[in-house]
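A quick write-up on the structure given underneath.
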Amino acid sequence: MTLLASTPAPGTTWLGWAFVVAVALVLGLLIAGPALRRRYPVAWWLVLGFPFACVRVSRTWRPLMAGCGLAVSRKAALIVVSGLVGKGAPPPQPRVPWRSFIRPTPGGFWFLVRLLPGQVPESFVKAAPAMAESWQVHAVRVTPYRPGVVRITASAADPLKEPRIPKQRGPGHLLRVVVGAVETGAPWVVDLRRVPHWLIVGATRSGKSTLINALVAGLAPQPVALVGIDCKGGMELSLYGPRLSRWPPTAGRR
Ligand SMILES: Nc1ncnc2c1ncn2[C@@H]1O[C@H](COP(=O)(O)OP(=O)(O)O)[C@@H](O)[C@H]1O
Ligand SMILES: [Mg+2]
């Protein structure tokens with residue numbers, strides 16, 4: 001009898017082990033979490049950050065749209081009819097814009113929103129800071145996708161805090177260069193076959209030279225002719241002189 005009483009039921013053993021494994025996992029995450037997050041930020045975001053962000057977006061979508069004035073009240077007649085036949089049931093909720101599934105990016109997420117009649121993309125642009133606050137993300141960007149639809153893109157963290165530049169492995173595709181990362185963490189690709197003409201403008205120290213450097217460094221291993229015209233007398237491009245096929249400051253001497 002004593003032996004029987006001390007033998008745990010099979011279900012109890014299984015639950016006990018599950019509990020131990022869960023506790024070990026949580027403890028492991030608490031101890032190694034910060035290091036794992038630094039080393040594998042994209043995997044960390046996709047496994048832990050993104051699911052929580054999806055829940056936050058789903059839970060706050062309706063109140064957020066209502067709070068930002070982007071929900072449209074139902075017709076008064078519908079509310080009256082609903083009150084008459086609904087026998088005390090709450091009146092119909094205001095209509096909120098439809099949104100698509102939330103898709104992850106390496107450092108955030110995006111989804112599409114269909115505007116309700118009478119709405120314009122600018123109203124959603126104005127609501128972007130409120131969205132960022134509600135979803136606890138660094139920034140939200142709203143861009144027109146097609147008529148009547150906007151794309152909402154969120155960056156989970158400030159990409160400039162710990163910049164991680166995606167590496168281009170090997171020479172890559174011809175005339176295609178990874179020059180940096182965009183705010184979502186995705187690679188910023190300059191593909192000169194798709195967009196062959198670029199005009200890079202900006203204030204002093206806005207990153208023009210850095211972009212040109214990344215472009216030249218990415219194109220250098222490729223079988224392409226590079227012609228440098230340096231209006232600063234060689235200050236910008238002299239470093240690349242040996243690689244340039246044509247470079248006016250030295251053209252006469254070659
Ligand atoms: N995308 C970027 N993110 C962070 N820092 C940058 C970026 N681009 C440039 N910088 C830094 O900004 C500074 C100015 O860049 P630079 O390319 O010389 O600007 P410009 O040629 O427009 O005057 C440099 O110190 C550079 O390292
Ligand atoms: Mg410069």
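We label chains A, B, ... in the order they appear in the structure tokens, count residues from 1 in each chain, and number ligands from 1 in the order shown.
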Running DSSP on the backbone, which parts of segment 70-212 of chain A land in alpha helix (DSSP H), as an MDAnalysis selection string? chainID A and resid 76:85 121:135 208:212
Write out as a list in words which residues come within 9 Å of Arg99 of chain A when counting only C-alpha atoms, dropping same-chain ones fewer than 2 positions away. Pro97, Phe101, Ile102, Phe111, Leu112, Val113 and Arg114 of chain A
Create the file for the chosen residues now, containing N, CA and C atoms and written as a CSV table (one decimal), in the first residue's frame.
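The file below, out_24.csv, is the result:
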chain,number,residue,atom,x,y,z
A,97,PRO,N,-10.9,51.2,-40.2
A,97,PRO,CA,-10.3,50.8,-41.5
A,97,PRO,C,-9.8,49.3,-41.4
A,101,PHE,N,-2.8,41.3,-42.7
A,101,PHE,CA,-1.9,40.6,-41.8
A,101,PHE,C,-0.7,41.4,-41.5
A,102,ILE,N,-0.1,41.2,-40.3
A,102,ILE,CA,1.2,41.9,-40.0
A,102,ILE,C,2.3,41.1,-40.4
A,111,PHE,N,2.2,46.4,-42.5
A,111,PHE,CA,0.9,45.9,-42.9
A,111,PHE,C,0.2,47.0,-43.7
A,112,LEU,N,-0.8,46.6,-44.4
A,112,LEU,CA,-1.6,47.5,-45.3
A,112,LEU,C,-2.9,47.9,-44.6
A,113,VAL,N,-3.3,49.1,-44.9
A,113,VAL,CA,-4.6,49.5,-44.4
A,113,VAL,C,-5.5,50.1,-45.5
A,114,ARG,N,-6.7,49.7,-45.6
A,114,ARG,CA,-7.6,50.2,-46.6
A,114,ARG,C,-8.4,51.4,-46.0
Which is closest to ligand 1 among A:Leu215, A:Val224, A:Leu70, A:Leu244, if we use only C-alpha atoms and all ligand atoms?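 Using only C-alpha atoms and all ligand atoms, the shortest distance to ligand 1 belongs to A:Leu215.
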Sorted per-residue table, chain A near ligand 1, closest atoms and distance, 12 Å, only C-alpha atoms and all ligand atoms, as JSON lines:
{"residue": "A:Asp158", "atom": "CA", "partner": "ligand 1", "partner_atom_place_in_ligand_line": "3 (N)", "distance": 11.4}
{"residue": "A:Pro159", "atom": "CA", "partner": "ligand 1", "partner_atom_place_in_ligand_line": "3 (N)", "distance": 8.9}
{"residue": "A:Leu160", "atom": "CA", "partner": "ligand 1", "partner_atom_place_in_ligand_line": "4 (C)", "distance": 6.4}
{"residue": "A:Lys161", "atom": "CA", "partner": "ligand 1", "partner_atom_place_in_ligand_line": "4 (C)", "distance": 9.3}
{"residue": "A:Glu162", "atom": "CA", "partner": "ligand 1", "partner_atom_place_in_ligand_line": "4 (C)", "distance": 10.0}
{"residue": "A:Pro163", "atom": "CA", "partner": "ligand 1", "partner_atom_place_in_ligand_line": "3 (N)", "distance": 7.7}
{"residue": "A:Arg164", "atom": "CA", "partner": "ligand 1", "partner_atom_place_in_ligand_line": "3 (N)", "distance": 10.2}
{"residue": "A:Ile165", "atom": "CA", "partner": "ligand 1", "partner_atom_place_in_ligand_line": "1 (N)", "distance": 9.5}
{"residue": "A:Val179", "atom": "CA", "partner": "ligand 1", "partner_atom_place_in_ligand_line": "1 (N)", "distance": 9.2}
{"residue": "A:Gly180", "atom": "CA", "partner": "ligand 1", "partner_atom_place_in_ligand_line": "1 (N)", "distance": 7.1}
{"residue": "A:Ala181", "atom": "CA", "partner": "ligand 1", "partner_atom_place_in_ligand_line": "1 (N)", "distance": 7.9}
{"residue": "A:Val182", "atom": "CA", "partner": "ligand 1", "partner_atom_place_in_ligand_line": "1 (N)", "distance": 8.7}
{"residue": "A:Glu183", "atom": "CA", "partner": "ligand 1", "partner_atom_place_in_ligand_line": "1 (N)", "distance": 9.8}
{"residue": "A:Gly185", "atom": "CA", "partner": "ligand 1", "partner_atom_place_in_ligand_line": "1 (N)", "distance": 12.0}
{"residue": "A:Trp188", "atom": "CA", "partner": "ligand 1", "partner_atom_place_in_ligand_line": "1 (N)", "distance": 10.4}
{"residue": "A:Ile200", "atom": "CA", "partner": "ligand 1", "partner_atom_place_in_ligand_line": "22 (O)", "distance": 9.0}
{"residue": "A:Val201", "atom": "CA", "partner": "ligand 1", "partner_atom_place_in_ligand_line": "22 (O)", "distance": 7.8}
{"residue": "A:Gly202", "atom": "CA", "partner": "ligand 1", "partner_atom_place_in_ligand_line": "22 (O)", "distance": 6.0}
{"residue": "A:Ala203", "atom": "CA", "partner": "ligand 1", "partner_atom_place_in_ligand_line": "22 (O)", "distance": 5.9}
{"residue": "A:Thr204", "atom": "CA", "partner": "ligand 1", "partner_atom_place_in_ligand_line": "23 (O)", "distance": 3.8}
{"residue": "A:Arg205", "atom": "CA", "partner": "ligand 1", "partner_atom_place_in_ligand_line": "23 (O)", "distance": 3.2}
{"residue": "A:Ser206", "atom": "CA", "partner": "ligand 1", "partner_atom_place_in_ligand_line": "22 (O)", "distance": 4.0}
{"residue": "A:Gly207", "atom": "CA", "partner": "ligand 1", "partner_atom_place_in_ligand_line": "17 (O)", "distance": 3.3}
{"residue": "A:Lys208", "atom": "CA", "partner": "ligand 1", "partner_atom_place_in_ligand_line": "22 (O)", "distance": 3.7}
{"residue": "A:Ser209", "atom": "CA", "partner": "ligand 1", "partner_atom_place_in_ligand_line": "17 (O)", "distance": 3.7}
{"residue": "A:Thr210", "atom": "CA", "partner": "ligand 1", "partner_atom_place_in_ligand_line": "17 (O)", "distance": 3.7}
{"residue": "A:Leu211", "atom": "CA", "partner": "ligand 1", "partner_atom_place_in_ligand_line": "17 (O)", "distance": 6.5}
{"residue": "A:Ile212", "atom": "CA", "partner": "ligand 1", "partner_atom_place_in_ligand_line": "17 (O)", "distance": 7.9}
{"residue": "A:Asn213", "atom": "CA", "partner": "ligand 1", "partner_atom_place_in_ligand_line": "17 (O)", "distance": 8.2}
{"residue": "A:Ala214", "atom": "CA", "partner": "ligand 1", "partner_atom_place_in_ligand_line": "17 (O)", "distance": 9.9}
{"residue": "A:Leu215", "atom": "CA", "partner": "ligand 1", "partner_atom_place_in_ligand_line": "17 (O)", "distance": 11.9}
{"residue": "A:Lys232", "atom": "CA", "partner": "ligand 1", "partner_atom_place_in_ligand_line": "21 (O)", "distance": 11.8}
{"residue": "A:Met235", "atom": "CA", "partner": "ligand 1", "partner_atom_place_in_ligand_line": "21 (O)", "distance": 11.3}
{"residue": "A:Glu236", "atom": "CA", "partner": "ligand 1", "partner_atom_place_in_ligand_line": "21 (O)", "distance": 8.9}
{"residue": "A:Leu237", "atom": "CA", "partner": "ligand 1", "partner_atom_place_in_ligand_line": "21 (O)", "distance": 11.9}
Limited to N, CA and C atoms, could you put the picked residues into a file as a CSV table (one decimal), in the first residue's frame?
chain,number,residue,atom,x,y,z
A,158,ASP,N,15.6,52.1,-32.4
A,158,ASP,CA,16.3,53.1,-33.2
A,158,ASP,C,17.5,52.4,-33.9
A,159,PRO,N,17.4,52.4,-35.3
A,159,PRO,CA,18.4,51.7,-36.0
A,159,PRO,C,19.8,52.3,-35.9
A,160,LEU,N,19.9,53.6,-35.4
A,160,LEU,CA,21.2,54.2,-35.3
A,160,LEU,C,21.9,54.0,-34.0
A,161,LYS,N,21.1,53.4,-33.0
A,161,LYS,CA,21.7,53.2,-31.7
A,161,LYS,C,22.8,52.1,-31.8
A,162,GLU,N,22.5,51.0,-32.4
A,162,GLU,CA,23.6,50.0,-32.6
A,162,GLU,C,23.5,49.6,-34.1
A,163,PRO,N,24.1,50.4,-35.0
A,163,PRO,CA,23.9,50.1,-36.4
A,163,PRO,C,24.6,48.8,-36.8
A,164,ARG,N,23.9,48.0,-37.5
A,164,ARG,CA,24.5,46.7,-38.0
A,164,ARG,C,24.3,46.8,-39.5
A,165,ILE,N,25.4,47.0,-40.2
A,165,ILE,CA,25.3,47.1,-41.7
A,165,ILE,C,25.3,45.7,-42.3
A,179,VAL,N,24.5,49.1,-49.8
A,179,VAL,CA,25.2,50.3,-49.3
A,179,VAL,C,24.9,50.6,-47.9
A,180,GLY,N,24.0,49.9,-47.2
A,180,GLY,CA,23.8,50.2,-45.8
A,180,GLY,C,22.5,49.5,-45.4
A,181,ALA,N,21.8,50.0,-44.4
A,181,ALA,CA,20.6,49.4,-43.9
A,181,ALA,C,19.5,50.5,-43.8
A,182,VAL,N,18.3,50.1,-44.2
A,182,VAL,CA,17.2,51.1,-44.0
A,182,VAL,C,16.7,51.0,-42.6
A,183,GLU,N,15.8,51.9,-42.2
A,183,GLU,CA,15.4,52.0,-40.8
A,183,GLU,C,14.8,50.7,-40.2
A,185,GLY,N,16.0,47.8,-40.7
A,185,GLY,CA,17.0,46.9,-40.5
A,185,GLY,C,17.3,46.1,-41.8
A,188,TRP,N,19.9,48.1,-47.5
A,188,TRP,CA,19.6,49.2,-48.5
A,188,TRP,C,20.4,48.8,-49.7
A,200,ILE,N,22.6,62.5,-55.6
A,200,ILE,CA,22.7,62.4,-54.2
A,200,ILE,C,22.9,63.8,-53.6
A,201,VAL,N,21.9,64.3,-52.9
A,201,VAL,CA,22.0,65.7,-52.4
A,201,VAL,C,21.7,65.7,-50.9
A,202,GLY,N,22.2,66.7,-50.2
A,202,GLY,CA,21.9,66.8,-48.8
A,202,GLY,C,22.8,67.8,-48.1
A,203,ALA,N,22.5,68.2,-46.9
A,203,ALA,CA,23.3,69.2,-46.2
A,203,ALA,C,24.7,68.6,-45.9
A,204,THR,N,25.6,69.5,-45.5
A,204,THR,CA,27.0,69.0,-45.1
A,204,THR,C,26.8,68.0,-43.9
A,205,ARG,N,27.6,67.0,-44.0
A,205,ARG,CA,27.6,65.9,-43.0
A,205,ARG,C,26.3,65.1,-42.9
A,206,SER,N,25.5,65.1,-44.0
A,206,SER,CA,24.3,64.3,-44.1
A,206,SER,C,24.6,62.9,-44.6
A,207,GLY,N,25.8,62.6,-45.0
A,207,GLY,CA,26.2,61.2,-45.4
A,207,GLY,C,26.4,61.0,-46.9
A,208,LYS,N,26.5,62.1,-47.7
A,208,LYS,CA,26.7,61.9,-49.2
A,208,LYS,C,28.0,61.2,-49.5
A,209,SER,N,29.1,61.6,-48.9
A,209,SER,CA,30.4,61.0,-49.2
A,209,SER,C,30.4,59.5,-48.7
A,210,THR,N,29.7,59.3,-47.6
A,210,THR,CA,29.7,57.9,-47.1
A,210,THR,C,28.9,57.0,-48.1
A,211,LEU,N,27.8,57.5,-48.6
A,211,LEU,CA,27.1,56.7,-49.6
A,211,LEU,C,27.9,56.5,-50.8
A,212,ILE,N,28.6,57.5,-51.3
A,212,ILE,CA,29.4,57.4,-52.6
A,212,ILE,C,30.5,56.3,-52.3
A,213,ASN,N,31.1,56.4,-51.1
A,213,ASN,CA,32.2,55.5,-50.8
A,213,ASN,C,31.6,54.0,-50.8
A,214,ALA,N,30.5,53.8,-50.1
A,214,ALA,CA,29.9,52.5,-50.1
A,214,ALA,C,29.6,52.0,-51.5
A,215,LEU,N,29.1,52.9,-52.3
A,215,LEU,CA,28.8,52.5,-53.7
A,215,LEU,C,30.0,52.1,-54.5
A,232,LYS,N,36.2,68.3,-56.3
A,232,LYS,CA,37.1,68.8,-55.2
A,232,LYS,C,38.5,68.5,-55.4
A,235,MET,N,39.9,65.2,-53.7
A,235,MET,CA,39.7,65.0,-52.2
A,235,MET,C,38.8,63.8,-51.9
A,236,GLU,N,37.7,63.7,-52.8
A,236,GLU,CA,36.7,62.7,-52.5
A,236,GLU,C,37.2,61.3,-53.0
A,237,LEU,N,37.7,61.3,-54.2
A,237,LEU,CA,37.9,60.0,-54.9
A,237,LEU,C,39.3,59.6,-55.1
Kindly give the distance, in Å, that separates atom CA of Cys54 of chain A and atom CA of Trp135 of chain A, rounded to a single decimal. 8.8 Å
Nearby residues (only C-alpha atoms) at most 12 Å from segment 125-132 of chain A, same-chain spacing under 2 positions excluded, as an NGL selection string: :A and (53 or 56-58 or 60-70 or 108-109 or 119-123 or 134-144 or 150-157)
Those residues you just picked out, can you put them in a file as a PDB file, in the first residue's frame with C-alpha atoms?
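part.pdb was written with the following content:
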ATOM      1  CA  ALA A  53       4.055  43.455 -31.217  1.00  0.00           C
ATOM      2  CA  ARG A  56      -0.310  44.893 -29.192  1.00  0.00           C
ATOM      3  CA  VAL A  57      -1.355  46.020 -32.695  1.00  0.00           C
ATOM      4  CA  SER A  58      -4.402  43.726 -32.697  1.00  0.00           C
ATOM      5  CA  THR A  60      -5.071  48.549 -29.809  1.00  0.00           C
ATOM      6  CA  TRP A  61      -6.187  48.853 -33.435  1.00  0.00           C
ATOM      7  CA  ARG A  62      -9.828  49.710 -32.765  1.00  0.00           C
ATOM      8  CA  PRO A  63      -9.313  52.122 -29.822  1.00  0.00           C
ATOM      9  CA  LEU A  64      -6.371  53.704 -31.622  1.00  0.00           C
ATOM     10  CA  MET A  65      -8.394  54.362 -34.776  1.00  0.00           C
ATOM     11  CA  ALA A  66     -11.237  55.779 -32.669  1.00  0.00           C
ATOM     12  CA  GLY A  67      -8.868  57.946 -30.607  1.00  0.00           C
ATOM     13  CA  CYS A  68      -7.172  59.350 -33.711  1.00  0.00           C
ATOM     14  CA  GLY A  69     -10.500  60.160 -35.367  1.00  0.00           C
ATOM     15  CA  LEU A  70     -10.032  57.465 -38.017  1.00  0.00           C
ATOM     16  CA  GLY A 108      10.028  45.753 -37.265  1.00  0.00           C
ATOM     17  CA  PHE A 109       6.843  44.964 -39.138  1.00  0.00           C
ATOM     18  CA  GLN A 119     -10.210  59.352 -45.595  1.00  0.00           C
ATOM     19  CA  VAL A 120      -6.847  60.482 -46.950  1.00  0.00           C
ATOM     20  CA  PRO A 121      -3.325  59.101 -46.277  1.00  0.00           C
ATOM     21  CA  GLU A 122      -2.330  62.354 -44.507  1.00  0.00           C
ATOM     22  CA  SER A 123      -4.719  61.560 -41.619  1.00  0.00           C
ATOM     23  CA  SER A 134       0.583  52.475 -28.479  1.00  0.00           C
ATOM     24  CA  TRP A 135       2.710  49.721 -30.034  1.00  0.00           C
ATOM     25  CA  GLN A 136       5.826  50.666 -28.036  1.00  0.00           C
ATOM     26  CA  VAL A 137       8.017  50.903 -31.120  1.00  0.00           C
ATOM     27  CA  HIS A 138      10.652  53.449 -32.071  1.00  0.00           C
ATOM     28  CA  ALA A 139       8.865  54.903 -35.106  1.00  0.00           C
ATOM     29  CA  VAL A 140       5.980  54.352 -37.488  1.00  0.00           C
ATOM     30  CA  ARG A 141       6.041  55.458 -41.087  1.00  0.00           C
ATOM     31  CA  VAL A 142       2.946  55.760 -43.277  1.00  0.00           C
ATOM     32  CA  THR A 143       3.344  55.712 -47.059  1.00  0.00           C
ATOM     33  CA  PRO A 144       0.773  55.568 -49.859  1.00  0.00           C
ATOM     34  CA  VAL A 150      -1.572  52.946 -47.163  1.00  0.00           C
ATOM     35  CA  ARG A 151       1.373  50.936 -45.936  1.00  0.00           C
ATOM     36  CA  ILE A 152       2.247  51.202 -42.253  1.00  0.00           C
ATOM     37  CA  THR A 153       5.854  50.330 -41.427  1.00  0.00           C
ATOM     38  CA  ALA A 154       7.129  50.187 -37.844  1.00  0.00           C
ATOM     39  CA  SER A 155      10.743  50.132 -36.645  1.00  0.00           C
ATOM     40  CA  ALA A 156      11.013  48.372 -33.302  1.00  0.00           C
ATOM     41  CA  ALA A 157      14.198  50.101 -32.161  1.00  0.00           C
TER      42      ALA A 157
END
Backbone-only DSSP, strand (DSSP E or B) members of segment 75-206 of chain A, as a ChimeraX atom specification: /A:95,98-99,103-105,108-114,139-146,149-155,176-181,187-191
Keeping only N, CA and C atoms, write the selected residues to a file as an mmCIF file, in the first residue's frame.
data_model
loop_
_atom_site.group_PDB
_atom_site.id
_atom_site.type_symbol
_atom_site.label_atom_id
_atom_site.label_comp_id
_atom_site.auth_asym_id
_atom_site.auth_seq_id
_atom_site.Cartn_x
_atom_site.Cartn_y
_atom_site.Cartn_z
ATOM 1 N N ARG A 95 -17.101 51.906 -37.467
ATOM 2 C CA ARG A 95 -16.291 51.147 -38.444
ATOM 3 C C ARG A 95 -14.853 51.626 -38.379
ATOM 4 N N TRP A 98 -9.939 48.606 -42.464
ATOM 5 C CA TRP A 98 -9.468 47.211 -42.523
ATOM 6 C C TRP A 98 -7.946 47.203 -42.598
ATOM 7 N N ARG A 99 -7.350 46.250 -41.917
ATOM 8 C CA ARG A 99 -5.885 46.110 -42.038
ATOM 9 C C ARG A 99 -5.528 44.665 -42.392
ATOM 10 N N ARG A 103 3.203 41.652 -41.268
ATOM 11 C CA ARG A 103 4.368 40.906 -41.757
ATOM 12 C C ARG A 103 5.625 41.410 -41.058
ATOM 13 N N PRO A 104 6.495 40.484 -40.682
ATOM 14 C CA PRO A 104 7.723 40.928 -39.984
ATOM 15 C C PRO A 104 8.776 41.433 -40.951
ATOM 16 N N THR A 105 9.631 42.332 -40.478
ATOM 17 C CA THR A 105 10.848 42.735 -41.188
ATOM 18 C C THR A 105 11.999 42.432 -40.208
ATOM 19 N N GLY A 108 11.335 45.118 -37.462
ATOM 20 C CA GLY A 108 10.028 45.753 -37.265
ATOM 21 C C GLY A 108 8.927 44.947 -37.935
ATOM 22 N N PHE A 109 7.936 45.657 -38.446
ATOM 23 C CA PHE A 109 6.843 44.964 -39.138
ATOM 24 C C PHE A 109 6.128 45.959 -40.047
ATOM 25 N N TRP A 110 5.301 45.420 -40.928
ATOM 26 C CA TRP A 110 4.507 46.299 -41.781
ATOM 27 C C TRP A 110 3.182 45.623 -42.111
ATOM 28 N N PHE A 111 2.205 46.438 -42.458
ATOM 29 C CA PHE A 111 0.923 45.916 -42.930
ATOM 30 C C PHE A 111 0.218 46.995 -43.741
ATOM 31 N N LEU A 112 -0.821 46.573 -44.448
ATOM 32 C CA LEU A 112 -1.564 47.505 -45.303
ATOM 33 C C LEU A 112 -2.889 47.865 -44.637
ATOM 34 N N VAL A 113 -3.344 49.061 -44.918
ATOM 35 C CA VAL A 113 -4.624 49.527 -44.361
ATOM 36 C C VAL A 113 -5.459 50.106 -45.503
ATOM 37 N N ARG A 114 -6.712 49.667 -45.574
ATOM 38 C CA ARG A 114 -7.605 50.204 -46.603
ATOM 39 C C ARG A 114 -8.367 51.390 -46.007
ATOM 40 N N ALA A 139 9.493 53.974 -34.149
ATOM 41 C CA ALA A 139 8.865 54.903 -35.106
ATOM 42 C C ALA A 139 7.907 54.154 -36.021
ATOM 43 N N VAL A 140 6.939 54.904 -36.515
ATOM 44 C CA VAL A 140 5.980 54.352 -37.488
ATOM 45 C C VAL A 140 5.976 55.269 -38.694
ATOM 46 N N ARG A 141 6.049 54.665 -39.858
ATOM 47 C CA ARG A 141 6.041 55.458 -41.087
ATOM 48 C C ARG A 141 4.819 55.050 -41.915
ATOM 49 N N VAL A 142 4.132 56.037 -42.453
ATOM 50 C CA VAL A 142 2.946 55.760 -43.277
ATOM 51 C C VAL A 142 3.241 56.236 -44.691
ATOM 52 N N THR A 143 3.096 55.335 -45.662
ATOM 53 C CA THR A 143 3.344 55.712 -47.059
ATOM 54 C C THR A 143 2.184 55.237 -47.930
ATOM 55 N N PRO A 144 1.825 56.033 -48.949
ATOM 56 C CA PRO A 144 0.773 55.568 -49.859
ATOM 57 C C PRO A 144 1.239 54.296 -50.572
ATOM 58 N N TYR A 145 0.367 53.307 -50.676
ATOM 59 C CA TYR A 145 0.731 52.022 -51.302
ATOM 60 C C TYR A 145 0.122 51.952 -52.694
ATOM 61 N N ARG A 146 -1.179 52.189 -52.748
ATOM 62 C CA ARG A 146 -1.908 52.363 -54.009
ATOM 63 C C ARG A 146 -3.146 53.175 -53.654
ATOM 64 N N VAL A 149 -5.170 52.754 -50.311
ATOM 65 C CA VAL A 149 -4.468 51.842 -49.390
ATOM 66 C C VAL A 149 -3.157 52.499 -48.952
ATOM 67 N N VAL A 150 -2.867 52.455 -47.648
ATOM 68 C CA VAL A 150 -1.572 52.946 -47.163
ATOM 69 C C VAL A 150 -0.799 51.781 -46.558
ATOM 70 N N ARG A 151 0.517 51.950 -46.552
ATOM 71 C CA ARG A 151 1.373 50.936 -45.936
ATOM 72 C C ARG A 151 1.905 51.514 -44.627
ATOM 73 N N ILE A 152 1.758 50.763 -43.557
ATOM 74 C CA ILE A 152 2.247 51.202 -42.253
ATOM 75 C C ILE A 152 3.469 50.361 -41.899
ATOM 76 N N THR A 153 4.599 51.035 -41.720
ATOM 77 C CA THR A 153 5.854 50.330 -41.427
ATOM 78 C C THR A 153 6.359 50.794 -40.065
ATOM 79 N N ALA A 154 6.651 49.842 -39.195
ATOM 80 C CA ALA A 154 7.129 50.187 -37.844
ATOM 81 C C ALA A 154 8.558 49.702 -37.666
ATOM 82 N N SER A 155 9.386 50.543 -37.020
ATOM 83 C CA SER A 155 10.743 50.132 -36.645
ATOM 84 C C SER A 155 10.728 49.907 -35.141
ATOM 85 N N ARG A 176 24.769 45.813 -58.612
ATOM 86 C CA ARG A 176 23.860 45.823 -57.457
ATOM 87 C C ARG A 176 24.735 45.843 -56.202
ATOM 88 N N VAL A 177 24.508 46.823 -55.316
ATOM 89 C CA VAL A 177 25.381 47.000 -54.151
ATOM 90 C C VAL A 177 24.540 47.215 -52.891
ATOM 91 N N VAL A 178 24.922 46.527 -51.823
ATOM 92 C CA VAL A 178 24.299 46.802 -50.518
ATOM 93 C C VAL A 178 25.087 47.953 -49.897
ATOM 94 N N VAL A 179 24.474 49.130 -49.805
ATOM 95 C CA VAL A 179 25.202 50.317 -49.332
ATOM 96 C C VAL A 179 24.948 50.615 -47.852
ATOM 97 N N GLY A 180 24.039 49.900 -47.246
ATOM 98 C CA GLY A 180 23.752 50.167 -45.837
ATOM 99 C C GLY A 180 22.475 49.458 -45.434
ATOM 100 N N ALA A 181 21.849 49.969 -44.403
ATOM 101 C CA ALA A 181 20.598 49.380 -43.924
ATOM 102 C C ALA A 181 19.533 50.468 -43.850
ATOM 103 N N PRO A 187 18.433 45.371 -45.710
ATOM 104 C CA PRO A 187 19.531 45.961 -46.471
ATOM 105 C C PRO A 187 19.040 47.069 -47.394
ATOM 106 N N TRP A 188 19.851 48.105 -47.530
ATOM 107 C CA TRP A 188 19.558 49.166 -48.493
ATOM 108 C C TRP A 188 20.351 48.827 -49.747
ATOM 109 N N VAL A 189 19.631 48.455 -50.779
ATOM 110 C CA VAL A 189 20.271 47.977 -51.995
ATOM 111 C C VAL A 189 20.160 49.040 -53.081
ATOM 112 N N VAL A 190 21.296 49.383 -53.686
ATOM 113 C CA VAL A 190 21.283 50.255 -54.863
ATOM 114 C C VAL A 190 21.521 49.352 -56.069
ATOM 115 N N ASP A 191 20.515 49.235 -56.911
ATOM 116 C CA ASP A 191 20.616 48.394 -58.096
ATOM 117 C C ASP A 191 20.611 49.314 -59.314
#
Using only C-alpha atoms, find the one residue out of A:Pro166, A:Pro242, A:Pro94, A:Gly49 that sits nearest to Ala186 of chain A.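 Under the stated criterion, the closest residue is A:Pro166.
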Counting only C-alpha atoms and all ligand atoms, the residue of A:Asp230, A:Tyr40, A:Pro223, A:Val96 that sits nearest ligand 2: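 The shortest atom-to-atom distance to ligand 2 comes from A:Asp230.
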Atom CA of Leu29 of chain A to atom CA of Val47 of chain A: how many Å, to one decimal?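 One can read the atom CA of Leu29 of chain A to atom CA of Val47 of chain A distance as 12.2 Å.
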